[in-house]
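Have a look at target-v7.txt below; it lists compact mmCIF, C-alpha atoms.
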# COMPACT_ATOMS: atom_id res chain seq x y z
CA MET A 281 1.06 49.04 1.23
CA SER A 282 0.79 46.33 3.88
CA ALA A 283 2.91 43.20 3.65
CA PRO A 284 1.14 40.05 2.43
CA ALA A 285 -0.19 37.74 5.12
CA VAL A 286 2.04 34.78 5.98
CA LEU A 287 0.05 31.55 6.15
CA ASP A 288 1.37 28.26 7.51
CA VAL A 289 -0.25 25.62 5.29
CA GLU A 290 0.22 22.78 7.76
CA HIS A 291 -1.33 24.82 10.59
CA ILE A 292 -4.42 25.54 8.46
CA ILE A 293 -4.86 21.83 7.75
CA ASP A 294 -4.26 20.77 11.36
CA ARG A 295 -6.65 23.26 12.96
CA ASN A 296 -9.58 22.12 10.81
CA GLY A 297 -11.52 18.89 10.82
CA VAL A 298 -11.94 16.47 7.94
CA GLY A 299 -14.07 18.44 5.50
CA ARG A 300 -15.66 17.74 2.14
CA LEU A 301 -12.44 18.19 0.15
CA GLN A 302 -10.46 15.84 2.39
CA ARG A 303 -13.23 13.25 2.19
CA ARG A 304 -13.16 13.47 -1.60
CA VAL A 305 -9.38 12.99 -1.67
CA LEU A 306 -9.69 10.06 0.74
CA LEU A 307 -12.42 8.33 -1.27
CA ILE A 308 -10.60 8.73 -4.59
CA CYS A 309 -7.36 7.37 -3.11
CA PHE A 310 -9.43 4.59 -1.52
CA GLY A 311 -10.62 3.77 -5.04
CA VAL A 312 -7.03 3.77 -6.33
CA LEU A 313 -6.17 1.17 -3.69
CA ILE A 314 -9.23 -0.95 -4.59
CA VAL A 315 -8.02 -1.13 -8.18
CA ASP A 316 -4.50 -1.93 -6.95
CA GLY A 317 -5.79 -4.70 -4.69
CA ILE A 318 -7.79 -6.35 -7.48
CA ASP A 319 -4.84 -6.51 -9.85
CA THR A 320 -2.20 -7.41 -7.25
CA THR A 321 -4.18 -10.39 -5.95
CA MET A 322 -5.10 -11.64 -9.40
CA SER A 323 -1.87 -13.56 -10.05
CA GLY A 324 -2.39 -15.87 -7.08
CA TYR A 325 -5.85 -16.89 -8.32
CA LEU A 326 -4.66 -17.29 -11.91
CA GLY A 327 -2.16 -19.93 -10.81
CA PRO A 328 -4.33 -23.07 -11.06
CA ALA A 329 -5.69 -21.97 -14.46
CA LEU A 330 -2.18 -21.31 -15.83
CA ILE A 331 -1.00 -24.70 -14.57
CA ALA A 332 -3.88 -26.41 -16.38
CA ASP A 333 -3.61 -24.33 -19.57
CA TRP A 334 0.17 -24.51 -20.00
CA GLY A 335 0.72 -27.95 -18.46
CA ILE A 336 3.41 -26.80 -16.04
CA PRO A 337 4.25 -27.90 -12.45
CA LYS A 338 3.41 -25.69 -9.47
CA ALA A 339 7.04 -24.73 -8.86
CA ALA A 340 7.23 -23.29 -12.40
CA LEU A 341 4.81 -20.56 -11.27
CA GLY A 342 7.59 -18.94 -9.23
CA PRO A 343 8.45 -16.33 -11.92
CA VAL A 344 4.75 -15.63 -12.47
CA VAL A 345 4.24 -14.88 -8.78
CA THR A 346 7.43 -12.87 -8.24
CA SER A 347 7.60 -10.93 -11.52
CA GLY A 348 4.79 -8.55 -10.64
CA LEU A 349 6.40 -7.96 -7.25
CA VAL A 350 9.69 -7.02 -8.92
CA GLY A 351 7.77 -4.43 -10.92
CA LEU A 352 6.06 -3.18 -7.76
CA ALA A 353 9.46 -2.60 -6.13
CA LEU A 354 10.80 -0.76 -9.17
CA GLY A 355 7.68 1.38 -9.44
CA SER A 356 7.83 2.36 -5.78
CA LEU A 357 11.50 3.40 -6.03
CA ILE A 358 10.98 5.42 -9.20
CA ALA A 359 7.70 7.12 -8.34
CA GLY A 360 8.66 8.86 -5.09
CA PRO A 361 11.31 11.19 -6.53
CA LEU A 362 9.05 11.85 -9.54
CA ALA A 363 6.15 12.80 -7.24
CA ASP A 364 8.36 15.09 -5.14
CA ARG A 365 9.29 16.84 -8.39
CA PHE A 366 6.13 16.77 -10.51
CA GLY A 367 3.35 16.25 -7.97
CA ARG A 368 1.44 13.37 -6.42
CA ARG A 369 -1.71 13.70 -8.57
CA ARG A 370 0.10 13.50 -11.91
CA VAL A 371 2.10 10.41 -10.95
CA ILE A 372 -1.01 8.61 -9.63
CA MET A 373 -2.91 9.28 -12.85
CA CYS A 374 -0.08 8.15 -15.13
CA SER A 375 0.58 5.03 -13.07
CA LEU A 376 -3.07 3.92 -13.34
CA ILE A 377 -2.97 4.19 -17.13
CA PHE A 378 0.40 2.45 -17.31
CA PHE A 379 -0.50 -0.59 -15.25
CA GLY A 380 -3.95 -0.86 -16.83
CA LEU A 381 -2.47 -1.12 -20.32
CA PHE A 382 0.07 -3.77 -19.37
CA SER A 383 -2.40 -5.75 -17.27
CA ALA A 384 -4.64 -6.07 -20.31
CA ALA A 385 -1.63 -6.88 -22.50
CA SER A 386 -0.78 -9.78 -20.16
CA ALA A 387 -3.79 -11.59 -21.59
CA LEU A 388 -1.76 -12.07 -24.79
CA ALA A 389 0.97 -14.05 -23.01
CA SER A 390 1.70 -17.52 -24.38
CA GLY A 391 3.94 -18.86 -21.64
CA VAL A 392 5.67 -18.18 -18.34
CA ALA A 393 8.41 -15.97 -19.83
CA SER A 394 6.15 -13.55 -21.73
CA PHE A 395 3.59 -13.46 -18.91
CA SER A 396 6.28 -12.68 -16.34
CA ALA A 397 7.78 -9.88 -18.46
CA LEU A 398 4.38 -8.21 -18.88
CA ARG A 399 3.65 -8.57 -15.15
CA VAL A 400 6.90 -6.75 -14.35
CA LEU A 401 5.67 -3.79 -16.42
CA THR A 402 2.23 -4.00 -14.83
CA GLY A 403 3.86 -3.99 -11.41
CA ILE A 404 5.81 -0.81 -12.14
CA GLY A 405 2.54 1.08 -12.54
CA LEU A 406 1.02 -0.58 -9.49
CA GLY A 407 4.08 0.23 -7.39
CA ALA A 408 3.91 3.90 -8.35
CA SER A 409 0.28 4.48 -7.44
CA MET A 410 -0.01 3.14 -3.87
CA PRO A 411 2.70 5.12 -2.02
CA ASN A 412 1.74 8.36 -3.75
CA ALA A 413 -1.91 7.90 -2.83
CA ALA A 414 -0.75 7.39 0.75
CA THR A 415 1.39 10.53 0.61
CA LEU A 416 -1.47 12.60 -0.78
CA VAL A 417 -3.88 11.47 1.94
CA ALA A 418 -1.24 12.13 4.62
CA GLU A 419 -0.74 15.68 3.36
CA TYR A 420 -4.46 16.46 3.38
CA ALA A 421 -5.12 14.87 6.78
CA PRO A 422 -5.15 16.91 10.01
CA ARG A 423 -2.47 15.58 12.32
CA ALA A 424 -5.03 14.29 14.84
CA ARG A 425 -6.82 12.23 12.15
CA ARG A 426 -3.89 11.18 9.98
CA GLY A 427 -3.66 7.60 11.25
CA VAL A 428 -7.38 6.94 10.78
CA MET A 429 -7.49 8.49 7.31
CA MET A 430 -4.44 6.63 6.02
CA THR A 431 -5.44 3.25 7.39
CA PHE A 432 -8.97 3.70 6.05
CA MET A 433 -7.46 4.42 2.64
CA TYR A 434 -5.49 1.16 2.81
CA CYS A 435 -8.76 -0.69 3.44
CA GLY A 436 -9.31 -0.11 -0.26
CA PHE A 437 -6.46 -2.51 -1.01
CA THR A 438 -7.80 -5.32 1.17
CA LEU A 439 -11.31 -4.75 -0.18
CA GLY A 440 -9.98 -4.89 -3.73
CA ALA A 441 -7.98 -8.01 -2.91
CA ALA A 442 -11.07 -9.71 -1.48
CA VAL A 443 -13.24 -8.73 -4.44
CA GLY A 444 -10.42 -9.61 -6.82
CA GLY A 445 -10.34 -13.20 -5.60
CA TYR A 446 -14.03 -13.74 -6.30
CA LEU A 447 -13.95 -11.72 -9.53
CA THR A 448 -10.97 -13.63 -10.90
CA SER A 449 -12.44 -17.00 -9.89
CA PHE A 450 -15.79 -16.10 -11.52
CA LEU A 451 -14.23 -14.88 -14.78
CA ILE A 452 -11.96 -17.93 -15.02
CA ALA A 453 -14.87 -20.31 -14.38
CA SER A 454 -17.27 -18.54 -16.76
CA ALA A 455 -14.83 -17.49 -19.50
CA SER A 456 -11.01 -17.62 -19.19
CA TRP A 457 -8.04 -16.26 -17.29
CA ARG A 458 -7.34 -13.98 -20.26
CA LEU A 459 -10.68 -12.21 -19.83
CA ALA A 460 -9.88 -11.72 -16.14
CA LEU A 461 -6.70 -9.84 -17.09
CA VAL A 462 -8.50 -7.67 -19.64
CA ALA A 463 -11.08 -6.72 -17.01
CA GLY A 464 -8.27 -6.03 -14.54
CA GLY A 465 -6.68 -3.67 -17.06
CA ALA A 466 -9.84 -1.78 -17.99
CA LEU A 467 -10.61 -0.77 -14.38
CA PRO A 468 -7.50 1.37 -13.69
CA ILE A 469 -7.67 3.09 -17.07
CA ALA A 470 -11.27 4.09 -16.38
CA PHE A 471 -10.41 5.23 -12.86
CA ALA A 472 -7.59 7.43 -14.19
CA GLY A 473 -10.37 9.60 -15.63
CA VAL A 474 -11.81 10.04 -12.13
CA VAL A 475 -8.38 11.11 -10.86
CA PHE A 476 -8.01 13.61 -13.71
CA LEU A 477 -11.42 15.17 -13.11
CA ALA A 478 -11.74 15.15 -9.33
CA LEU A 479 -8.42 14.68 -7.47
CA PRO A 480 -6.62 17.89 -6.40
CA GLU A 481 -2.89 18.25 -5.86
CA SER A 482 -1.35 18.22 -2.38
CA PRO A 483 -1.45 21.65 -0.70
CA LYS A 484 1.89 20.98 0.97
CA PHE A 485 3.46 20.12 -2.38
CA LEU A 486 2.00 23.30 -3.90
CA ALA A 487 3.35 25.40 -1.02
CA ARG A 488 6.81 23.88 -1.26
CA ARG A 489 7.12 24.13 -5.04
CA GLY A 490 5.71 27.65 -5.41
CA GLY A 491 4.39 29.23 -8.62
CA ARG A 492 0.85 27.84 -8.23
CA ALA A 493 -0.51 30.22 -5.60
CA GLY A 494 -3.94 30.43 -7.22
CA GLU A 495 -4.39 26.65 -7.10
CA LEU A 496 -3.17 26.54 -3.50
CA THR A 497 -5.49 29.38 -2.51
CA ALA A 498 -8.49 27.52 -3.94
CA VAL A 499 -7.53 24.33 -2.05
CA LEU A 500 -7.01 26.10 1.30
CA ASN A 501 -10.27 28.03 0.99
CA GLN A 502 -12.07 24.71 0.56
CA ILE A 503 -10.40 23.38 3.70
CA GLU A 504 -11.11 26.58 5.68
CA PRO A 505 -13.45 28.97 3.85
CA GLY A 506 -12.11 32.53 3.82
CA CYS A 507 -8.69 31.69 5.26
CA VAL A 508 -7.04 33.30 2.20
CA SER A 509 -8.70 36.59 1.32
CA GLY A 510 -7.94 39.24 -1.23
CA GLY A 511 -6.66 36.85 -3.90
CA SER A 512 -3.57 34.66 -4.04
CA GLY A 513 -1.23 37.67 -4.26
CA ALA A 514 -2.34 38.86 -0.83
CA ALA A 515 -0.75 35.93 1.00
CA ARG A 516 2.61 34.21 1.31
CA PHE A 517 2.48 30.47 2.00
CA ILE A 518 5.02 28.68 4.17
CA LEU A 519 5.64 25.24 5.65
CA VAL A 520 7.06 25.30 9.17
CA GLU A 521 8.82 21.93 9.27
CA ASP A 522 12.19 20.29 8.88
CA HIS A 523 13.89 20.54 5.49
CA THR A 524 16.43 18.27 3.84
CA GLY A 525 18.63 21.22 3.07
CA GLY A 526 19.40 20.01 -0.43
CA GLY A 527 17.98 18.79 -3.68
CA ALA A 528 18.48 15.06 -3.23
CA PRO A 529 15.81 13.60 -0.93
CA VAL A 530 16.87 10.02 -1.77
CA ARG A 531 20.34 10.68 -0.35
CA ALA A 532 18.81 12.46 2.63
CA LEU A 533 16.96 9.30 3.65
CA LEU A 534 20.26 7.83 4.84
CA SER A 535 21.81 11.05 6.15
CA PRO A 536 22.89 10.92 9.81
CA ARG A 537 19.67 12.63 10.93
CA TYR A 538 17.38 10.06 9.33
CA ARG A 539 19.54 6.92 8.95
CA LEU A 540 18.45 4.82 11.92
CA GLY A 541 14.79 5.76 11.53
CA THR A 542 14.91 4.96 7.82
CA VAL A 543 16.58 1.57 8.32
CA THR A 544 14.13 0.50 11.03
CA VAL A 545 11.10 1.63 8.99
CA TRP A 546 12.48 -0.31 6.03
CA ALA A 547 13.14 -3.44 8.10
CA GLY A 548 9.70 -3.49 9.74
CA PHE A 549 7.91 -2.69 6.49
CA LEU A 550 9.90 -5.39 4.67
CA ALA A 551 9.01 -7.98 7.31
CA ALA A 552 5.30 -7.07 7.14
CA PHE A 553 5.21 -7.35 3.35
CA PHE A 554 7.16 -10.64 3.41
CA THR A 555 4.39 -12.11 5.55
CA VAL A 556 1.44 -10.62 3.68
CA TYR A 557 2.66 -11.45 0.17
CA LEU A 558 3.72 -14.99 0.98
CA MET A 559 0.15 -15.59 2.16
CA ASN A 560 -1.48 -13.67 -0.71
CA SER A 561 0.63 -15.44 -3.34
CA TRP A 562 0.46 -19.02 -2.08
CA LEU A 563 -2.60 -19.31 0.16
CA PRO A 564 -4.91 -20.34 -2.75
CA ILE A 565 -2.54 -23.13 -3.81
CA LEU A 566 -1.78 -24.26 -0.24
CA MET A 567 -5.48 -24.46 0.56
CA SER A 568 -6.19 -26.28 -2.71
CA ASP A 569 -3.63 -28.90 -1.71
CA VAL A 570 -5.59 -29.54 1.48
CA GLY A 571 -8.52 -30.58 -0.70
CA PHE A 572 -10.71 -27.49 -0.42
CA SER A 573 -12.82 -26.53 -3.46
CA LEU A 574 -12.21 -23.37 -5.52
CA ILE A 575 -15.10 -21.60 -3.76
CA GLN A 576 -13.84 -22.66 -0.34
CA VAL A 577 -10.36 -21.41 -1.23
CA ALA A 578 -11.79 -18.09 -2.42
CA THR A 579 -13.78 -17.85 0.83
CA ILE A 580 -10.66 -18.38 2.95
CA GLY A 581 -8.86 -15.76 0.86
CA PHE A 582 -11.79 -13.40 1.31
CA LEU A 583 -11.69 -13.90 5.09
CA LEU A 584 -7.98 -13.04 5.12
CA GLN A 585 -8.64 -9.77 3.27
CA PHE A 586 -11.83 -8.97 5.19
CA GLY A 587 -9.92 -9.42 8.43
CA GLY A 588 -7.33 -7.06 7.02
CA THR A 589 -10.01 -4.47 6.30
CA VAL A 590 -11.30 -4.70 9.87
CA GLY A 591 -7.75 -4.45 11.18
CA ASN A 592 -6.94 -1.45 9.00
CA ILE A 593 -9.91 0.50 10.34
CA ALA A 594 -9.18 -0.46 13.94
CA ILE A 595 -5.44 0.15 13.85
CA GLY A 596 -5.91 3.73 12.64
CA PHE A 597 -8.02 4.63 15.66
CA VAL A 598 -5.70 2.77 18.03
CA MET A 599 -2.56 4.39 16.59
CA ASP A 600 -4.07 7.87 16.98
CA LYS A 601 -4.98 7.10 20.60
CA ALA A 602 -2.27 4.76 21.93
CA GLY A 603 0.67 5.72 19.72
CA MET A 604 2.10 4.22 16.54
CA HIS A 605 4.95 2.16 17.97
CA ARG A 606 3.06 0.55 20.83
CA THR A 607 0.23 -0.43 18.49
CA ILE A 608 2.61 -1.94 15.92
CA ILE A 609 4.51 -3.97 18.51
CA VAL A 610 1.38 -5.42 20.14
CA SER A 611 -0.20 -6.22 16.75
CA THR A 612 2.94 -8.01 15.59
CA ILE A 613 3.01 -10.15 18.73
CA CYS A 614 -0.66 -11.08 18.18
CA ALA A 615 0.10 -12.00 14.55
CA GLY A 616 2.77 -14.42 15.75
CA GLY A 617 0.30 -16.04 18.12
CA MET A 618 -2.21 -16.54 15.32
CA LEU A 619 0.40 -18.20 13.07
CA ILE A 620 1.01 -20.78 15.78
CA ALA A 621 -2.75 -21.28 16.29
CA ILE A 622 -3.33 -21.92 12.56
CA ALA A 623 -0.54 -24.51 12.47
CA ALA A 624 -2.18 -26.33 15.39
CA ALA A 625 -5.78 -26.08 14.10
CA PRO A 626 -7.73 -28.97 12.52
CA ARG A 627 -8.06 -29.01 8.73
CA SER A 628 -11.56 -27.62 8.36
CA VAL A 629 -12.82 -24.58 6.47
CA LEU A 630 -14.52 -23.25 9.60
CA ALA A 631 -11.48 -23.55 11.86
CA ILE A 632 -8.88 -22.35 9.36
CA GLY A 633 -11.16 -19.65 7.94
CA THR A 634 -11.87 -18.21 11.40
CA LEU A 635 -8.21 -18.13 12.37
CA ILE A 636 -7.20 -16.72 8.97
CA PHE A 637 -9.72 -13.91 9.49
CA VAL A 638 -8.12 -12.99 12.84
CA LEU A 639 -4.63 -13.31 11.38
CA GLY A 640 -5.62 -10.91 8.60
CA ILE A 641 -6.68 -8.34 11.21
CA PHE A 642 -3.10 -8.17 12.49
CA THR A 643 -0.90 -8.87 9.45
CA ASN A 644 -2.61 -6.66 6.86
CA SER A 645 -2.99 -3.83 9.35
CA LEU A 646 0.77 -3.96 9.98
CA ALA A 647 1.37 -3.56 6.26
CA VAL A 648 -0.45 -0.20 6.44
CA ALA A 649 0.90 0.85 9.84
CA PHE A 650 4.46 1.17 8.56
CA PRO A 651 3.64 3.57 5.69
CA VAL A 652 1.72 5.68 8.22
CA LEU A 653 4.87 5.66 10.34
CA ALA A 654 6.98 6.61 7.31
CA ALA A 655 4.68 9.48 6.33
CA ALA A 656 4.83 10.85 9.87
CA PHE A 657 8.62 10.48 10.07
CA TYR A 658 9.62 12.43 6.94
CA PRO A 659 9.04 16.15 6.11
CA THR A 660 7.18 17.31 2.97
CA ALA A 661 10.33 17.83 0.87
CA MET A 662 11.12 14.12 1.09
CA ARG A 663 7.82 12.57 2.19
CA ALA A 664 6.83 11.04 -1.15
CA THR A 665 10.39 9.79 -1.62
CA GLY A 666 10.59 8.46 1.94
CA THR A 667 7.22 6.73 1.75
CA SER A 668 7.75 5.30 -1.72
CA TRP A 669 11.29 4.10 -1.01
CA ALA A 670 10.06 2.44 2.20
CA THR A 671 7.35 0.82 0.08
CA GLY A 672 9.94 -0.15 -2.55
CA VAL A 673 12.15 -1.82 0.05
CA ALA A 674 9.04 -3.52 1.45
CA ARG A 675 8.40 -4.87 -2.04
CA ILE A 676 11.74 -6.66 -1.74
CA GLY A 677 10.19 -8.37 1.26
CA ALA A 678 7.15 -9.15 -0.89
CA ILE A 679 9.39 -10.72 -3.54
CA GLY A 680 11.23 -12.62 -0.82
CA GLY A 681 7.94 -13.85 0.61
CA ALA A 682 6.64 -15.06 -2.74
CA ALA A 683 10.00 -16.62 -3.64
CA THR A 684 10.28 -18.30 -0.25
CA GLY A 685 6.80 -19.71 -0.80
CA THR A 686 8.02 -21.15 -4.10
CA VAL A 687 10.90 -22.89 -2.35
CA LEU A 688 8.76 -24.20 0.50
CA VAL A 689 6.12 -25.55 -1.89
CA ALA A 690 8.82 -27.18 -4.03
CA LEU A 691 10.14 -28.87 -0.89
CA GLY A 692 6.69 -30.32 -0.31
CA LEU A 693 5.94 -28.46 2.93
CA ASP A 694 2.28 -28.07 3.87
CA TYR A 695 0.56 -24.89 5.02
CA LYS A 696 1.37 -25.58 8.70
CA ALA A 697 5.12 -25.54 8.11
CA VAL A 698 4.81 -22.50 5.84
CA PHE A 699 2.90 -20.53 8.49
CA LEU A 700 5.42 -21.40 11.20
CA THR A 701 8.22 -20.11 8.93
CA LEU A 702 6.55 -16.69 9.09
CA LEU A 703 7.48 -16.39 12.77
CA VAL A 704 10.91 -15.20 11.58
CA PRO A 705 9.71 -11.98 9.88
CA VAL A 706 7.33 -11.43 12.81
CA ALA A 707 10.34 -11.30 15.15
CA VAL A 708 12.10 -8.85 12.80
CA GLY A 709 9.04 -6.58 12.82
CA ILE A 710 8.90 -6.47 16.62
CA LEU A 711 12.60 -5.58 16.85
CA ALA A 712 12.39 -2.88 14.16
CA ALA A 713 9.39 -1.15 15.73
CA SER A 714 11.02 -1.27 19.17
CA ILE A 715 14.21 0.42 17.93
CA ASN A 716 12.32 2.97 15.82
CA SER A 717 10.31 4.05 18.87
CA ARG A 718 13.55 5.41 20.35
CA VAL A 719 14.61 7.36 17.25
CA ARG A 720 14.44 11.16 17.24
CA HIS A 721 15.29 13.31 14.25
Same coordinates, now as structure tokens:
Amino acid sequence: MSAPAVLDVEHIIDRNGVGRLQRRVLLICFGVLIVDGIDTTMSGYLGPALIADWGIPKAALGPVVTSGLVGLALGSLIAGPLADRFGRRRVIMCSLIFFGLFSAASALASGVASFSALRVLTGIGLGASMPNAATLVAEYAPRARRGVMMTFMYCGFTLGAAVGGYLTSFLIASASWRLALVAGGALPIAFAGVVFLALPESPKFLARRGGRAGELTAVLNQIEPGCVSGGSGAARFILVEDHTGGGAPVRALLSPRYRLGTVTVWAGFLAAFFTVYLMNSWLPILMSDVGFSLIQVATIGFLLQFGGTVGNIAIGFVMDKAGMHRTIIVSTICAGGMLIAIAAAPRSVLAIGTLIFVLGIFTNSLAVAFPVLAAAFYPTAMRATGTSWATGVARIGAIGGAATGTVLVALGLDYKAVFLTLLVPVAVGILAASINSRVRH
């Protein structure tokens, strides 16, 4: 009897193009990020309505803005190890249901304390879904197309954030902020059904875990028809890549082999999220203070997210062609230049909106470039953990950005001073990417 064929799962994926199965995975994960973007952005647009309804000052919104981000950080840290143990698909599906239920429950809040507590729980589900969707796309993508596929997936978040601004504003104006939260909760619960019915598990996870050869055979034969013949028992599946050598991928992130790369990914990712979430959380209020109407504020917010969508698509192609580190460094420098330009611009919707659009191209694309870098840096055994912990640490930057915005607004600083403050995390991002480019593991 002949020995079973030995098949390298990663080689099968890399030698094929982006087929129907990969496109389905990409579109479903794109949808997950749309839902995430809608709910994540909602809090910023609820702010003026909560101030009016509860009769509180702007500074009192600090816990409302930061509470969801705390949950996002916790969810990211928890979900990676769970996904490396139980699978990416299962964690994504459960997280959608979890954050949908608590988003809807937030509509029952009667004050800042109860609203903030429910937003922490909502954030845990949100934080679990995004990094695992990124991991799943990375593990289905051929190496030559990984950057494009992952950054396209993250366009779902900016699209959802842009739609979320208009949707939230419309529901508040036509009904109430409570209805906006109920709608934001119904969407992820409904989309969890799509994940259950149509999203397959990662082939690399299946190969590493073992015991599900039939499922892996079906996935690989969809990627390359006929590559596994004679049934699942006629082949042995392997992954030719680095291994952590132990059962604790969280600890391995800071092992000597990975320590410097991990710290620099964390620092750059944290700086990018600090910038993005300070703008996402406080831009509506800062622009309202200038005297712009609710529709004008929503339009400026839309331009920020639309610019991010354009940047996400572009940066994927550029990273695949010019290299990840060079692209990140140049984009970060351009983001710094745009911050200075906005601070010097006249106070008009046209001028600020145009510059915000260009800023979004660079800042939001950086927020997706670092998870692409993380997914490429870590092997399968610790990829979900590495990506989700990087995202979790970045959420600390998001909390810091939102909290810093609270302080700056309380001090009475206008949008020009706030934008110039963001030159500090920009400098951190440039330094982190420069050091990471020299890391080898």
### Query
Quick one: distance from atom CA of Val499 of chain A to atom CA of Pro480 of chain A in Å, one decimal?
7.8 Å
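Take atom CA of Ile676 of chain A and atom CA of Ala547 of chain A: the distance between them is 10.4 Å.
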### Task
Name the residues in contact with Leu461 of chain A at a cut-off of 12 Å, using all atoms listed in the file, excluding same-chain residues fewer than 2 positions from it; report them as number ranges by chain.
A: 318-323, 325-326, 379-389, 395, 398-399, 402, 444, 447-449, 451-452, 455-459, 463-468
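Shortest separation to Gly317 of chain A among A:Leu566, A:Ala697, A:Met410, A:Ala532 occurs at residue A:Met410, atoms counted being only C-alpha atoms.
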### Query
Quick one: residues within 12 Å of Val392 of chain A, all atoms listed in the file counted, chain neighbours fewer than 5 positions away excluded, as a list in words?
Gly327, Leu330, Ile331, Asp333, Trp334, Gly335, Ile336, Pro337, Lys338, Ala339, Ala340, Leu341, Gly342, Pro343, Val344, Val345, Thr346, Ser347, Ser386, Ala387, Ala397, Leu398 and Arg399 of chain A
Got a minute to add all heavy atoms to segment 344-349 of chain A and dump it as an mmCIF file, in the frame of the given file?
data_model
loop_
_atom_site.group_PDB
_atom_site.id
_atom_site.type_symbol
_atom_site.label_atom_id
_atom_site.label_comp_id
_atom_site.auth_asym_id
_atom_site.auth_seq_id
_atom_site.Cartn_x
_atom_site.Cartn_y
_atom_site.Cartn_z
ATOM 1 N N VAL A 344 6.049 -16.282 -12.307
ATOM 2 C CA VAL A 344 4.750 -15.630 -12.470
ATOM 3 C C VAL A 344 4.368 -14.869 -11.211
ATOM 4 O O VAL A 344 3.892 -13.734 -11.251
ATOM 5 C CB VAL A 344 3.666 -16.670 -12.817
ATOM 6 C CG1 VAL A 344 2.270 -16.047 -12.764
ATOM 7 C CG2 VAL A 344 3.919 -17.259 -14.195
ATOM 8 N N VAL A 345 4.606 -15.494 -10.053
ATOM 9 C CA VAL A 345 4.240 -14.880 -8.780
ATOM 10 C C VAL A 345 5.159 -13.723 -8.439
ATOM 11 O O VAL A 345 4.712 -12.669 -7.978
ATOM 12 C CB VAL A 345 4.271 -15.941 -7.653
ATOM 13 C CG1 VAL A 345 4.049 -15.294 -6.295
ATOM 14 C CG2 VAL A 345 3.207 -17.008 -7.906
ATOM 15 N N THR A 346 6.467 -13.888 -8.678
ATOM 16 C CA THR A 346 7.430 -12.870 -8.240
ATOM 17 C C THR A 346 7.626 -11.735 -9.235
ATOM 18 O O THR A 346 8.058 -10.657 -8.846
ATOM 19 C CB THR A 346 8.794 -13.525 -7.972
ATOM 20 O OG1 THR A 346 9.245 -14.198 -9.161
ATOM 21 C CG2 THR A 346 8.702 -14.525 -6.836
ATOM 22 N N SER A 347 7.312 -11.946 -10.507
ATOM 23 C CA SER A 347 7.600 -10.930 -11.520
ATOM 24 C C SER A 347 6.845 -9.629 -11.261
ATOM 25 O O SER A 347 7.416 -8.532 -11.348
ATOM 26 C CB SER A 347 7.255 -11.462 -12.921
ATOM 27 O OG SER A 347 5.898 -11.879 -12.991
ATOM 28 N N GLY A 348 5.561 -9.756 -10.935
ATOM 29 C CA GLY A 348 4.790 -8.550 -10.640
ATOM 30 C C GLY A 348 5.336 -7.826 -9.421
ATOM 31 O O GLY A 348 5.322 -6.593 -9.357
ATOM 32 N N LEU A 349 5.853 -8.576 -8.446
ATOM 33 C CA LEU A 349 6.400 -7.960 -7.250
ATOM 34 C C LEU A 349 7.698 -7.220 -7.539
ATOM 35 O O LEU A 349 7.994 -6.197 -6.923
ATOM 36 C CB LEU A 349 6.621 -9.036 -6.183
ATOM 37 C CG LEU A 349 5.363 -9.808 -5.753
ATOM 38 C CD1 LEU A 349 5.708 -10.874 -4.729
ATOM 39 C CD2 LEU A 349 4.314 -8.852 -5.197
#
